[in-house]
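K.L.:
Quick one: the structure is below, questions incoming.
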Amino acid sequence: MKQEIRICGFGGQGVVLAGHVLGKAAAAYDGLTAILTQSYGPEARGGAARTEVVISDRSIGYPRIVSADVLVAMSQEAFHKFREDIREHGIVIVDPDLVIDHQVERKTYRVPATRIAEELGNKITANVVMVGALTSITEVVTRDAMMQSVLETVPARFKDLNRRALEAGFRAGEEARSVEATLALTGE
Amino acid sequence: MDTNLVRQVLGQKVQFIHGDMACVYGALLAGCNFFAGYPITPATEVAEGMSELLPKLGGRYIQMEDEIASMGAIIGASWTGAKAMTSTSGPGFSLMQENIGYAVMSEAPCVIVNVQRSGPSTGQPTLPAQGDMMQARWGTHGDHEIIMLYPYSVQEALEMTITAFNLAEKYRTPVLLFIDAELGHMQEKVVIPEDDEFEVCYRQTVTVSKEEYQAFRPGNNAHPDRLVPEFAPFGSGYRTYVTGLTHNEAGLPRTNSPEIHDRMIRRLCEKILANRADMTFFKESYADDCDIALVAYGITARACEDAVAEARERGIKVGMLRLITIWPFPEDLIQQWARKVRLMVVPEMNLGQMIHPIREAVAGQCRVVPLNKIGGEVHTPGEILEGMVRAIEREREREPAAA
């Protein structure tokens with residue numbers, strides 16, 4: 001098993017942190033091997049940010065991803081930049097409110113992570129909602145491992161908020177899955 | 001320093017951290033209690049981690065005005081008995097060169113982390129390159145030996161930082177710990193070792209009275225044959241004079257004596273060269289079943305591992321030698337490999353640096369082919385494999401099989 005996951009958006013959305021909790025869930029709590037690499041623009045905020053996580057049940061040599069099994073896009077610019085580089089059987093997960101044009105010939109899941117986070121009271125947790133959805137859509141890590149990873153990573157006073165965000169993300173992922181399955185059945 | 005307290009400050013035993021932070025963890029486990037530095041991409045996180053964690057352990061962190069001063073500060077700290085470290089990248093490493101020589105000459109144990117980025121000058125600040133290999137060896141002027149270690153994973157960065165401190169202490173010399181920009185910012189699992197899983201060394205403390213003490217007399221009362229002098233820190237009441245000038249065993253400048261200079265410099269070199277076995281680290285794969293060798297180091301070696309696996313599946317008999325110790329150069333090891341393979345391929349993220357000492361050691365016993373890449377991207381496994389296959393084909397054209 002080897003999964004190459006690219007999470008992208010604009011700087012300040014917590015894209016690298018999203019990759020960090022994903023890699024940590026896999027490596028520290030699920031007994032898998034994981035590597036995270038990152039790149040970002042010179043800006044403190046804004047600009048295109050991306051993080052790439054390779055997860056495998058074996059050791060990983062070359063640390064970068066070759067092409068993505070999963071693309072998670074949280075900004076239009078990032079989506080346009082990276083949509084070409086997805087494996088044939090790869091999937092795309094987008095925040096449809098931020099990535100309005102998400103036309104791509106890959107199985108696509110729509111997770112309104114930012115809206116969900118806002119409803120929970122803080123849009124800063126959109127990244128955590130998104131990794132929750134990623135977890136239930138791909139099952140690349142277990143929900144338990146992801147929960148542990150998130151709770152170990154965030155400061156104590158934000159634990160409750162992030163727990164709720166992650167749980168909402170798990171549910172949003174399930175919903176996105178069933179919507180995708182229905183669309184596939186109706187041939188859309 | 002109490003390693004249980006260190007472990008408490010570091011937190012969970014299994015973590016997912018980047019290479020820069022692994023250097024911080026390794027340093028603290030090794031007992032580092034002084035850090036002076038100046039932030040620079042991609043090494044800033046080493047300083048950042050130190051600034052956060054070192055004070056919690058009673059250590060001192062100083063942000064200096066530049067890298068020249070940083071190097072000066074750790075040498076001074078070292079002479080008070082501290083285990084001292086700095087970290088930098090290309091441009092800062094250039095600035096440190098003169099004082100690295102001062103640390104060699106004054107036998108001040110210290111560790112310098114260089115997170116290699118692309119140069120010359122400010123180059124590509126955020127991108128990896130391996131252009132400082134020869135600067136590490138000869139960046140400071142004059143005859144000298146230097147120890148340099150080059151880990152290739154986050155776990156190994158932690159472990160080799162501990163080793164760097166141990167070698168610095170044992171041999172009273174600056175030790176260079178290199179990681180690639182790619183590794184510095186790459187996150188991976190790390191397991192913090194227990195006390196019985198690693199060694200922590202300290203410099204030989206003074207064994208003689210204040211009257212007898214000579215700061216640069218090699219050996220000590222227990223081991224008179226040692227090449228490394230015993231150590232009394234500044235402020236201990238032992239008279240110590242430290243200079244970068246050629247000095248006698250009391251540390252006093254003696255700049256006109258050919259004999260003193262010759263004896264001193266040869267001893268400084270020999271204390272390292274005579275102990276190569278203690279400081280030569282490497283990893284081999286398919287060493288006894290190959291006729292082609294990949295010789296690599298740092299992050300490049302990770303792509304090589306994938307390339308070797310793919311090549312073996314295709315029936316290419318390739319083995320791999322990964323150098324962890326770069327200096328002193330493990331020439332015996334290269335010679336052993338040269339005797340068993342017909343071709344050595346040397347991928348480097350520069351236009352050819354380590355290939356020179358490799359060729360010198362090989363001395364014509366097999367062909368040595370460079371596989372260079374610059375621009376800020378790590379070789380892909382595919383590029384290594386392709387380059388190797390091309391080299392094999394050229395080799396065949398050159399020496400058609402005797403039919």
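In the structure tokens, chains take letters A, B, ... by order of appearance, with residues numbered from 1 within each chain and ligands from 1 in the order shown.
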Which residues of chain B come within 9 Å of chain A, and what is each one's closest atom pair and distance in Å (one decimal), counting only C-alpha atoms, sorted by chain and residue number, as JSON lines?
P.N.:
{"residue": "B:Val14", "atom": "CA", "partner": "A:Ala28", "partner_atom": "CA", "distance": 6.0}
{"residue": "B:Gln15", "atom": "CA", "partner": "A:Ala28", "partner_atom": "CA", "distance": 6.2}
{"residue": "B:Phe16", "atom": "CA", "partner": "A:Lys24", "partner_atom": "CA", "distance": 5.3}
{"residue": "B:Ile17", "atom": "CA", "partner": "A:His20", "partner_atom": "CA", "distance": 8.5}
{"residue": "B:His18", "atom": "CA", "partner": "A:Leu36", "partner_atom": "CA", "distance": 8.5}
{"residue": "B:Thr126", "atom": "CA", "partner": "A:Ser39", "partner_atom": "CA", "distance": 8.6}
{"residue": "B:Glu182", "atom": "CA", "partner": "A:Thr37", "partner_atom": "CA", "distance": 7.7}
{"residue": "B:Leu183", "atom": "CA", "partner": "A:Thr37", "partner_atom": "CA", "distance": 8.6}
{"residue": "B:His185", "atom": "CA", "partner": "A:Thr37", "partner_atom": "CA", "distance": 6.8}
{"residue": "B:Met186", "atom": "CA", "partner": "A:Thr37", "partner_atom": "CA", "distance": 4.8}
{"residue": "B:Gln187", "atom": "CA", "partner": "A:Leu36", "partner_atom": "CA", "distance": 4.9}
{"residue": "B:Glu188", "atom": "CA", "partner": "A:Ile35", "partner_atom": "CA", "distance": 5.0}
{"residue": "B:Lys189", "atom": "CA", "partner": "A:Ala27", "partner_atom": "CA", "distance": 5.9}
{"residue": "B:Val190", "atom": "CA", "partner": "A:Ala28", "partner_atom": "CA", "distance": 8.6}
{"residue": "B:Ile299", "atom": "CA", "partner": "A:Tyr62", "partner_atom": "CA", "distance": 8.0}
{"residue": "B:Thr300", "atom": "CA", "partner": "A:Tyr62", "partner_atom": "CA", "distance": 8.1}
{"residue": "B:Ala301", "atom": "CA", "partner": "A:Gly61", "partner_atom": "CA", "distance": 8.1}
{"residue": "B:Arg302", "atom": "CA", "partner": "A:Gly61", "partner_atom": "CA", "distance": 4.4}
{"residue": "B:Ala303", "atom": "CA", "partner": "A:Tyr62", "partner_atom": "CA", "distance": 4.3}
{"residue": "B:Cys304", "atom": "CA", "partner": "A:Gly61", "partner_atom": "CA", "distance": 7.8}
{"residue": "B:Glu305", "atom": "CA", "partner": "A:Gly61", "partner_atom": "CA", "distance": 6.0}
{"residue": "B:Asp306", "atom": "CA", "partner": "A:Gly61", "partner_atom": "CA", "distance": 5.8}
{"residue": "B:Val378", "atom": "CA", "partner": "A:Tyr62", "partner_atom": "CA", "distance": 8.6}
{"residue": "B:His379", "atom": "CA", "partner": "A:Tyr62", "partner_atom": "CA", "distance": 8.7}
{"residue": "B:Thr380", "atom": "CA", "partner": "A:Tyr62", "partner_atom": "CA", "distance": 7.0}
{"residue": "B:Pro381", "atom": "CA", "partner": "A:Tyr62", "partner_atom": "CA", "distance": 6.8}
K.L.:
Run DSSP on the backbone and grab whatever in region 167-373 of chain B lands in alpha helix (DSSP H); send it over as number ranges by chain.
P.N.:
B: 167-171, 181-184, 258-273, 276-279, 300-313, 331-340, 355-362
K.L.:
Given the choices A:Lys81, A:Arg6, A:Arg58, A:Arg177, which gets closest to Thr138 (chain A) if the distance is worked out from only C-alpha atoms?
P.N.:
A:Arg177
K.L.:
Just checking: using only C-alpha atoms, which residue out of A:Gln103, A:Ser178, A:Ser136, A:Gln148 ends up closest to Phe79 (chain A)?
P.N.:
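Looking at the shortest contact to Phe79 (chain A), the residue is A:Gln103.
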K.L.:
Using only C-alpha atoms, which of A:Glu105, A:Val140, A:Ile86, A:Gly12 sits nearest Ile124 (chain A)?
P.N.:
A:Gly12
K.L.:
Which neighbours of Gly31 (chain B) fall inside 12 Å, counting only C-alpha atoms, when residues of the same chain fewer than 5 positions from it are skipped, and could you give them as a count of residues only?
P.N.:
32
K.L.:
Excluding Gly244 (chain B) and residues on its chain fewer than 5 positions from it, collect all residues at most 8 Å away from it, counting only C-alpha atoms, and give them as a PyMOL selection string.
P.N.:
chain B and resi 102+105-106
K.L.:
List the spatial neighbours of Leu166 (chain A) as a VMD selection string - criterion: any atom at most 10 Å away, only C-alpha atoms, same-chain residues fewer than 4 positions off excluded.
P.N.:
chain A and resid 117 125 to 133 135 143 146 to 147 150 to 151 160 to 162 170 to 172
K.L.:
Pull N, CA and C atoms from the residues just selected and write them as a PDB file, in the first residue's frame.
P.N.:
ATOM      1  N   ALA A 117     -16.761  24.716   9.178  1.00  0.00           N
ATOM      2  CA  ALA A 117     -15.943  25.272  10.264  1.00  0.00           C
ATOM      3  C   ALA A 117     -16.552  26.563  10.796  1.00  0.00           C
ATOM      4  N   THR A 125     -10.582  26.253  11.678  1.00  0.00           N
ATOM      5  CA  THR A 125     -10.523  24.785  11.757  1.00  0.00           C
ATOM      6  C   THR A 125     -10.928  24.109  10.444  1.00  0.00           C
ATOM      7  N   ALA A 126     -11.058  24.876   9.375  1.00  0.00           N
ATOM      8  CA  ALA A 126     -11.440  24.278   8.088  1.00  0.00           C
ATOM      9  C   ALA A 126     -10.462  23.173   7.673  1.00  0.00           C
ATOM     10  N   ASN A 127      -9.196  23.375   7.990  1.00  0.00           N
ATOM     11  CA  ASN A 127      -8.210  22.342   7.625  1.00  0.00           C
ATOM     12  C   ASN A 127      -8.467  21.034   8.363  1.00  0.00           C
ATOM     13  N   VAL A 128      -8.897  21.144   9.615  1.00  0.00           N
ATOM     14  CA  VAL A 128      -9.169  19.937  10.407  1.00  0.00           C
ATOM     15  C   VAL A 128     -10.445  19.245   9.895  1.00  0.00           C
ATOM     16  N   VAL A 129     -11.453  20.048   9.538  1.00  0.00           N
ATOM     17  CA  VAL A 129     -12.653  19.471   8.910  1.00  0.00           C
ATOM     18  C   VAL A 129     -12.227  18.697   7.658  1.00  0.00           C
ATOM     19  N   MET A 130     -11.341  19.308   6.887  1.00  0.00           N
ATOM     20  CA  MET A 130     -10.927  18.695   5.631  1.00  0.00           C
ATOM     21  C   MET A 130     -10.180  17.375   5.850  1.00  0.00           C
ATOM     22  N   VAL A 131      -9.287  17.328   6.824  1.00  0.00           N
ATOM     23  CA  VAL A 131      -8.577  16.045   7.042  1.00  0.00           C
ATOM     24  C   VAL A 131      -9.527  14.990   7.614  1.00  0.00           C
ATOM     25  N   GLY A 132     -10.568  15.459   8.336  1.00  0.00           N
ATOM     26  CA  GLY A 132     -11.593  14.514   8.792  1.00  0.00           C
ATOM     27  C   GLY A 132     -12.291  13.885   7.592  1.00  0.00           C
ATOM     28  N   ALA A 133     -12.679  14.733   6.650  1.00  0.00           N
ATOM     29  CA  ALA A 133     -13.346  14.236   5.441  1.00  0.00           C
ATOM     30  C   ALA A 133     -12.405  13.328   4.654  1.00  0.00           C
ATOM     31  N   THR A 135     -10.126  11.495   5.800  1.00  0.00           N
ATOM     32  CA  THR A 135     -10.028  10.229   6.520  1.00  0.00           C
ATOM     33  C   THR A 135     -11.199   9.307   6.185  1.00  0.00           C
ATOM     34  N   ARG A 143      -9.785   6.489  11.941  1.00  0.00           N
ATOM     35  CA  ARG A 143     -10.345   7.688  12.593  1.00  0.00           C
ATOM     36  C   ARG A 143      -9.729   7.878  13.976  1.00  0.00           C
ATOM     37  N   MET A 146      -6.366   9.466  13.622  1.00  0.00           N
ATOM     38  CA  MET A 146      -6.502  10.877  13.237  1.00  0.00           C
ATOM     39  C   MET A 146      -6.945  11.718  14.427  1.00  0.00           C
ATOM     40  N   MET A 147      -7.873  11.185  15.215  1.00  0.00           N
ATOM     41  CA  MET A 147      -8.350  11.939  16.385  1.00  0.00           C
ATOM     42  C   MET A 147      -7.196  12.157  17.369  1.00  0.00           C
ATOM     43  N   VAL A 150      -4.740  14.791  15.975  1.00  0.00           N
ATOM     44  CA  VAL A 150      -5.224  16.175  16.057  1.00  0.00           C
ATOM     45  C   VAL A 150      -5.165  16.663  17.508  1.00  0.00           C
ATOM     46  N   LEU A 151      -5.627  15.819  18.424  1.00  0.00           N
ATOM     47  CA  LEU A 151      -5.680  16.260  19.820  1.00  0.00           C
ATOM     48  C   LEU A 151      -4.282  16.440  20.419  1.00  0.00           C
ATOM     49  N   ASP A 160     -11.290  20.969  22.284  1.00  0.00           N
ATOM     50  CA  ASP A 160     -12.708  20.683  22.102  1.00  0.00           C
ATOM     51  C   ASP A 160     -13.191  21.142  20.729  1.00  0.00           C
ATOM     52  N   LEU A 161     -12.806  22.355  20.371  1.00  0.00           N
ATOM     53  CA  LEU A 161     -13.182  22.904  19.063  1.00  0.00           C
ATOM     54  C   LEU A 161     -12.701  21.982  17.939  1.00  0.00           C
ATOM     55  N   ASN A 162     -11.463  21.532  18.063  1.00  0.00           N
ATOM     56  CA  ASN A 162     -10.899  20.697  17.001  1.00  0.00           C
ATOM     57  C   ASN A 162     -11.499  19.297  16.992  1.00  0.00           C
ATOM     58  N   PHE A 170     -15.429  14.012   9.552  1.00  0.00           N
ATOM     59  CA  PHE A 170     -15.718  12.581   9.294  1.00  0.00           C
ATOM     60  C   PHE A 170     -17.102  12.454   8.638  1.00  0.00           C
ATOM     61  N   ARG A 171     -18.096  13.157   9.220  1.00  0.00           N
ATOM     62  CA  ARG A 171     -19.464  13.061   8.693  1.00  0.00           C
ATOM     63  C   ARG A 171     -19.551  13.663   7.289  1.00  0.00           C
ATOM     64  N   ALA A 172     -18.895  14.803   7.108  1.00  0.00           N
ATOM     65  CA  ALA A 172     -18.943  15.465   5.796  1.00  0.00           C
ATOM     66  C   ALA A 172     -18.332  14.560   4.726  1.00  0.00           C
TER      67      ALA A 172
END
K.L.:
Restricting the calculation to only C-alpha atoms: of A:Phe10, A:Gly169, A:Thr108, A:Ile5, which residue gets closest to Asp85 (chain A)?
P.N.:
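Checking each candidate against Asp85 (chain A), we get A:Ile5 as the closest.
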K.L.:
Work out how far apart CA of Leu321 (chain B) and CA of Ala287 (chain B) are and give it in Å to one decimal.
P.N.:
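It comes out at 7.8 Å.
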K.L.:
Compare A:Gly14, A:Ile55, A:Gly9, A:Val141 by their minimum atom-to-atom distance to Val99 (chain A), counting only C-alpha atoms, and give me the closest one.
P.N.:
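For Val99 (chain A), the nearest of the given residues is A:Gly9.
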K.L.:
Calculate how many Å separate CA of Gly319 (chain B) from CA of Leu294 (chain B), rounding to one decimal.
P.N.:
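Here the two named atoms are 6.3 Å from each other.
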K.L.:
What does the distance from CA of Lys2 (chain A) to CA of Gly375 (chain B) come to in Å, to one decimal?
P.N.:
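Answer for the CA of Lys2 (chain A) to CA of Gly375 (chain B) separation: 28.0 Å.
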K.L.:
Can you pull out every residue from region 182-399 of chain B that DSSP, working from the backbone, puts in strand (DSSP E), and format the result as an MDAnalysis selection string?
P.N.:
chainID B and resid 187:191 282:285 292:296 318:323 325:327 343:348 367:372
